[in-house]
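This report concerns only the one structure given below.
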Amino acid sequence: MARYVRLITALILFLLIFTSGGNITPIEAQAAPAKTILVVVNDSASNKFGRYLGEILIAEGLSSYDVTTVTSASASVLAQYKVVVLAQTPLTSAQATAFTTYVNGGGYLIAMRPDSQITSLFGLTGSATTQTNGYLKMSGSGPSQGLSTETLQIHGTVDKYTTGAATTIAQLYSNATTSTTFPAVVQSTSGHGTAFLYDLPTNIIYTRQGNPNNGNVDSDGDGILRTIDLFQTSGGGAPWIDRDKMPIPQADQQQRLLARLIQQAITNYQPMPQLWYFPGTTKTVLISTSDAHANPTNWYQQVVDIMNSHNAKDTFYLSIGGGLTDQSVQTWRTQGHEFGIHPYANKPDPYPPFNITNLNQGFDVYTDWFGMTFSSPVSRTVRIHQVAWSGWTDAADIAVNHGMALDANFYNWGPWLQKPDGSWAHGYVTGSGQPMKFI
């Protein structure tokens, strides 16, 4: 709505200017406000996830940002921005000096696992030791007010520093219940620097996409490579995702803390527009999808009728066969429903064009079949039969190469969700309720 208001306001001003005969009192030009956010990355660093910081900002509605490389981030470049977000990277002495100059000059720096040369900017002291994986717990005050105060998972390496002139925003835990004496997120008392002592982009990616070491691993031994294998542990060990934390969108909560810190820094100087997550003021979005395996036409009609009675729309993922006609599909599409493919990863068939032995072939076969059968374009969302998967993100690459833009294969399913006490885990298997890109 705010965007429409701004558009209407701009139109009114345009009309006033051009209907006044040009008799407008000149207004002195004002200095342009400082730019807001700069993301600094190092594509040559061992950690390749720095640019995902931009994806996080977009997901949080902070789309007004620039990106530069650390080699281009001179003191004069940094000085143009209210907030600089520095990806995990080693720094040269000159680069460390540039960031120090920026902070001492009043800029606000947020850094991921900062180089030891600049840790004093965040009120950190001593030399770091490290911890692999763990949890963090936000205080629930200041920038974390309203966010979860439960312990949340960290995937990856955490630097353990002692604090001097600093305030702990989130405490580091060695497991879900045991606190350490070290911070996970810390803010300098000067108010010009915040350090995430783990790499937030890495953690968001690993939480959302599962364990990269589980690519092409049949973790549960059921003979099928599925998306759920990415979140389990072979042999029945503790899963990648803490099942007790699944009711919490862990990834969303942690990236929201970053957005809060940015807003806190900028709003001290100027308003910072932030787009809402969903259309209008909607707080929840449910995307309804239906797998279809050669169902009779009246079954589809029953689902369509139910959806229409609730003013809702559905996407049907179709398998080959069943005799569904193009006329029926086009009729339902005029009512707002959509139709896509439900490809197989392995389905030997005596009719050669339909023989499928791998996922890429499954997409080829189903895309060709859909194009020959229906007159409308295939949906750009997809659900694979048996939520089959390939590699860590290979299946996503295959989908993109076939024109897909949204994946619908990551959901809760399987006996691994039963916890030792017999109860079942429910919630966010990917730690997120937001659409974001694979990487």
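Simple scheme: letters A, B, ... for chains in structure tokens order, numbers from 1 for residues in each chain, numbers from 1 for ligands in the order shown.
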
Residue contacts of Thr189 (chain A) (9 Å, only C-alpha atoms) excluding same-chain residues fewer than 6 positions away, as an mmCIF file with C-alpha atoms, in the first residue's frame:
```cif
data_model
loop_
_atom_site.group_PDB
_atom_site.id
_atom_site.type_symbol
_atom_site.label_atom_id
_atom_site.label_comp_id
_atom_site.auth_asym_id
_atom_site.auth_seq_id
_atom_site.Cartn_x
_atom_site.Cartn_y
_atom_site.Cartn_z
ATOM 1 C CA PHE A 122 33.374 -4.958 18.495
ATOM 2 C CA GLY A 123 34.658 -4.929 22.059
ATOM 3 C CA ALA A 165 33.569 -3.040 26.062
ATOM 4 C CA ALA A 166 30.740 -5.017 24.517
ATOM 5 C CA THR A 167 27.171 -6.148 25.033
#
```

Taking only C-alpha atoms into account, name the residue in A:Ile262, A:Ala59, A:Val303, A:Val84 that is nearest to Pro143 (chain A).
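Smallest separation from Pro143 (chain A) among the options: A:Ile262.
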
Would you kindly return, as a VMD selection string, each protein, DNA or RNA residue with an atom no farther than 10 Å from any atom of His192 (chain A), considering only C-alpha atoms and excluding same-chain residues fewer than 5 positions away?
chain A and resid 83 102 to 110 121 to 122 187 265

Can you write just those residues out, N, CA and C atoms, as a PDB file, in the first residue's frame?
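Final output, part-v3.pdb:
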```pdb
ATOM      1  N   VAL A  83      25.607   1.885   6.930  1.00  0.00           N
ATOM      2  CA  VAL A  83      25.889   0.550   7.460  1.00  0.00           C
ATOM      3  C   VAL A  83      26.683  -0.240   6.436  1.00  0.00           C
ATOM      4  N   TYR A 102      36.526   3.728   9.056  1.00  0.00           N
ATOM      5  CA  TYR A 102      35.081   3.852   8.833  1.00  0.00           C
ATOM      6  C   TYR A 102      34.325   3.879  10.167  1.00  0.00           C
ATOM      7  N   VAL A 103      34.643   2.937  11.054  1.00  0.00           N
ATOM      8  CA  VAL A 103      33.949   2.877  12.343  1.00  0.00           C
ATOM      9  C   VAL A 103      34.293   4.088  13.203  1.00  0.00           C
ATOM     10  N   ASN A 104      35.555   4.443  13.267  1.00  0.00           N
ATOM     11  CA  ASN A 104      35.960   5.604  14.071  1.00  0.00           C
ATOM     12  C   ASN A 104      35.356   6.903  13.546  1.00  0.00           C
ATOM     13  N   GLY A 105      34.991   6.904  12.263  1.00  0.00           N
ATOM     14  CA  GLY A 105      34.367   8.083  11.679  1.00  0.00           C
ATOM     15  C   GLY A 105      32.854   8.104  11.835  1.00  0.00           C
ATOM     16  N   GLY A 106      32.297   7.121  12.547  1.00  0.00           N
ATOM     17  CA  GLY A 106      30.861   7.125  12.823  1.00  0.00           C
ATOM     18  C   GLY A 106      30.052   6.116  12.049  1.00  0.00           C
ATOM     19  N   GLY A 107      30.702   5.338  11.180  1.00  0.00           N
ATOM     20  CA  GLY A 107      29.972   4.314  10.437  1.00  0.00           C
ATOM     21  C   GLY A 107      29.635   3.118  11.308  1.00  0.00           C
ATOM     22  N   TYR A 108      28.666   2.321  10.840  1.00  0.00           N
ATOM     23  CA  TYR A 108      28.257   1.136  11.599  1.00  0.00           C
ATOM     24  C   TYR A 108      28.661  -0.107  10.806  1.00  0.00           C
ATOM     25  N   LEU A 109      29.459  -0.958  11.430  1.00  0.00           N
ATOM     26  CA  LEU A 109      29.989  -2.158  10.783  1.00  0.00           C
ATOM     27  C   LEU A 109      29.398  -3.409  11.415  1.00  0.00           C
ATOM     28  N   ILE A 110      28.846  -4.279  10.569  1.00  0.00           N
ATOM     29  CA  ILE A 110      28.391  -5.605  10.998  1.00  0.00           C
ATOM     30  C   ILE A 110      29.263  -6.622  10.263  1.00  0.00           C
ATOM     31  N   LEU A 121      37.105  -3.545  17.373  1.00  0.00           N
ATOM     32  CA  LEU A 121      36.003  -2.652  17.005  1.00  0.00           C
ATOM     33  C   LEU A 121      34.680  -3.121  17.590  1.00  0.00           C
ATOM     34  N   PHE A 122      34.611  -4.384  17.972  1.00  0.00           N
ATOM     35  CA  PHE A 122      33.374  -4.958  18.495  1.00  0.00           C
ATOM     36  C   PHE A 122      33.455  -5.235  19.989  1.00  0.00           C
ATOM     37  N   GLN A 187      27.794  -6.769  20.422  1.00  0.00           N
ATOM     38  CA  GLN A 187      27.731  -5.380  19.959  1.00  0.00           C
ATOM     39  C   GLN A 187      28.641  -4.522  20.827  1.00  0.00           C
ATOM     40  N   ALA A 265      20.658   0.611  13.445  1.00  0.00           N
ATOM     41  CA  ALA A 265      21.761   1.508  13.112  1.00  0.00           C
ATOM     42  C   ALA A 265      21.314   2.660  12.220  1.00  0.00           C
TER      43      ALA A 265
END
```

Applying 9 Å and only C-alpha atoms, which residues near region 170-185 of chain A remain after dropping the ones on its own chain fewer than 2 positions away? List them as a ChimeraX atom specification.
/A:131-140,144,150-153,158-163,167-168,187,194-198,242

Please provide the set of residues having any atom within 9 Å of Ala405 (chain A), restricted to only C-alpha atoms, with same-chain residues fewer than 2 positions apart removed, written as a PDB file with N, CA and C atoms, in the first residue's frame.
```pdb
ATOM      1  N   ARG A 380       5.728 -23.134 -13.253  1.00  0.00           N
ATOM      2  CA  ARG A 380       7.160 -22.987 -12.957  1.00  0.00           C
ATOM      3  C   ARG A 380       7.486 -23.432 -11.528  1.00  0.00           C
ATOM      4  N   THR A 381       6.539 -24.132 -10.896  1.00  0.00           N
ATOM      5  CA  THR A 381       6.823 -24.794  -9.624  1.00  0.00           C
ATOM      6  C   THR A 381       6.791 -26.296  -9.862  1.00  0.00           C
ATOM      7  N   VAL A 382       7.455 -27.054  -8.977  1.00  0.00           N
ATOM      8  CA  VAL A 382       7.563 -28.486  -9.243  1.00  0.00           C
ATOM      9  C   VAL A 382       7.575 -29.290  -7.948  1.00  0.00           C
ATOM     10  N   ALA A 399      16.172 -28.512 -12.123  1.00  0.00           N
ATOM     11  CA  ALA A 399      14.871 -27.840 -12.200  1.00  0.00           C
ATOM     12  C   ALA A 399      14.995 -26.473 -12.876  1.00  0.00           C
ATOM     13  N   VAL A 400      16.017 -25.706 -12.481  1.00  0.00           N
ATOM     14  CA  VAL A 400      16.230 -24.390 -13.096  1.00  0.00           C
ATOM     15  C   VAL A 400      16.467 -24.531 -14.596  1.00  0.00           C
ATOM     16  N   GLY A 403      13.356 -24.590 -16.503  1.00  0.00           N
ATOM     17  CA  GLY A 403      12.449 -23.451 -16.399  1.00  0.00           C
ATOM     18  C   GLY A 403      11.726 -23.296 -15.081  1.00  0.00           C
ATOM     19  N   ASP A 407      10.652 -24.566  -5.809  1.00  0.00           N
ATOM     20  CA  ASP A 407      10.696 -25.982  -5.473  1.00  0.00           C
ATOM     21  C   ASP A 407       9.709 -26.282  -4.350  1.00  0.00           C
TER      22      ASP A 407
END
```

Report as a ChimeraX atom specification all protein, DNA and RNA residues lying within 10 Å of region 351-367 of chain A, evaluated on only C-alpha atoms, omitting residues in the same chain fewer than 3 positions from it.
/A:318-320,340-348,370-372,377-378,382,384-385,388-390,394-395,397-399,401-403

What would the file look like if the residues just selected were written as a compact mmCIF listing (two decimals), in the first residue's frame with N, CA and C atoms?
```
# COMPACT_ATOMS: atom_id res chain seq x y z
N LEU A 318 1.10 -33.19 -12.25
CA LEU A 318 0.52 -34.29 -13.00
C LEU A 318 1.55 -35.34 -13.37
N SER A 319 1.12 -36.60 -13.24
CA SER A 319 1.90 -37.72 -13.73
C SER A 319 1.35 -38.16 -15.08
N ILE A 320 2.17 -38.85 -15.82
CA ILE A 320 1.76 -39.31 -17.15
C ILE A 320 0.65 -40.34 -17.02
N GLY A 340 1.25 -28.43 -13.23
CA GLY A 340 2.66 -28.62 -13.50
C GLY A 340 2.99 -30.09 -13.61
N ILE A 341 4.28 -30.39 -13.58
CA ILE A 341 4.74 -31.76 -13.75
C ILE A 341 5.11 -32.40 -12.41
N HIS A 342 5.00 -33.71 -12.38
CA HIS A 342 5.36 -34.52 -11.20
C HIS A 342 6.36 -35.58 -11.66
N PRO A 343 7.58 -35.16 -12.01
CA PRO A 343 8.52 -36.08 -12.68
C PRO A 343 9.05 -37.16 -11.75
N TYR A 344 9.42 -38.26 -12.36
CA TYR A 344 10.06 -39.37 -11.66
C TYR A 344 11.58 -39.24 -11.81
N ALA A 345 12.29 -39.81 -10.84
CA ALA A 345 13.74 -39.91 -10.96
C ALA A 345 14.16 -41.28 -11.49
N ASN A 346 13.26 -42.26 -11.37
CA ASN A 346 13.56 -43.62 -11.85
C ASN A 346 12.25 -44.32 -12.15
N LYS A 347 11.97 -44.54 -13.42
CA LYS A 347 10.74 -45.23 -13.81
C LYS A 347 10.96 -45.91 -15.17
N PRO A 348 11.58 -47.10 -15.15
CA PRO A 348 11.78 -47.82 -16.41
C PRO A 348 10.43 -48.05 -17.11
N PHE A 370 4.10 -32.97 -21.12
CA PHE A 370 3.16 -31.91 -20.78
C PHE A 370 2.94 -31.01 -22.00
N GLY A 371 4.02 -30.67 -22.71
CA GLY A 371 3.89 -29.81 -23.87
C GLY A 371 3.07 -30.43 -25.00
N MET A 372 3.15 -31.76 -25.14
CA MET A 372 2.38 -32.43 -26.18
C MET A 372 0.92 -32.63 -25.79
N PRO A 377 1.14 -23.26 -20.72
CA PRO A 377 2.51 -23.47 -20.22
C PRO A 377 2.51 -24.28 -18.94
N VAL A 378 3.58 -25.02 -18.73
CA VAL A 378 3.72 -25.79 -17.49
C VAL A 378 4.00 -24.83 -16.33
N VAL A 382 7.45 -27.05 -8.98
CA VAL A 382 7.56 -28.49 -9.24
C VAL A 382 7.57 -29.29 -7.95
N ILE A 384 8.60 -33.34 -7.21
CA ILE A 384 9.12 -34.57 -7.78
C ILE A 384 8.49 -35.77 -7.07
N HIS A 385 8.18 -36.80 -7.83
CA HIS A 385 7.62 -38.02 -7.25
C HIS A 385 8.56 -38.57 -6.16
N ALA A 388 12.05 -37.17 -4.57
CA ALA A 388 13.38 -37.65 -4.95
C ALA A 388 14.31 -36.44 -5.14
N TRP A 389 15.59 -36.67 -4.94
CA TRP A 389 16.57 -35.59 -5.01
C TRP A 389 17.87 -36.11 -5.58
N SER A 390 18.74 -35.18 -5.95
CA SER A 390 20.05 -35.55 -6.49
C SER A 390 21.09 -34.58 -5.95
N ASP A 394 22.10 -30.43 -6.80
CA ASP A 394 22.05 -30.80 -8.22
C ASP A 394 20.61 -30.80 -8.75
N ALA A 395 19.69 -31.29 -7.94
CA ALA A 395 18.29 -31.35 -8.37
C ALA A 395 17.73 -29.96 -8.61
N ASP A 397 19.51 -27.41 -9.67
CA ASP A 397 20.08 -26.99 -10.95
C ASP A 397 19.30 -27.60 -12.12
N ILE A 398 18.95 -28.87 -11.98
CA ILE A 398 18.18 -29.53 -13.04
C ILE A 398 16.83 -28.84 -13.23
N ALA A 399 16.17 -28.51 -12.12
CA ALA A 399 14.87 -27.84 -12.20
C ALA A 399 15.00 -26.47 -12.88
N ASN A 401 17.23 -25.53 -14.98
CA ASN A 401 17.52 -25.74 -16.41
C ASN A 401 16.27 -26.13 -17.20
N HIS A 402 15.21 -26.53 -16.49
CA HIS A 402 13.95 -26.85 -17.14
C HIS A 402 12.89 -25.77 -16.89
N GLY A 403 13.36 -24.59 -16.50
CA GLY A 403 12.45 -23.45 -16.40
C GLY A 403 11.73 -23.30 -15.08
```

Top pick for closest residue to Gln418 (chain A), considering A:Ala238, A:Ile439, A:Ala251, A:Ile118 and counting only C-alpha atoms:
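When distances to Gln418 (chain A) are compared using only C-alpha atoms, the smallest one comes from A:Ala238.
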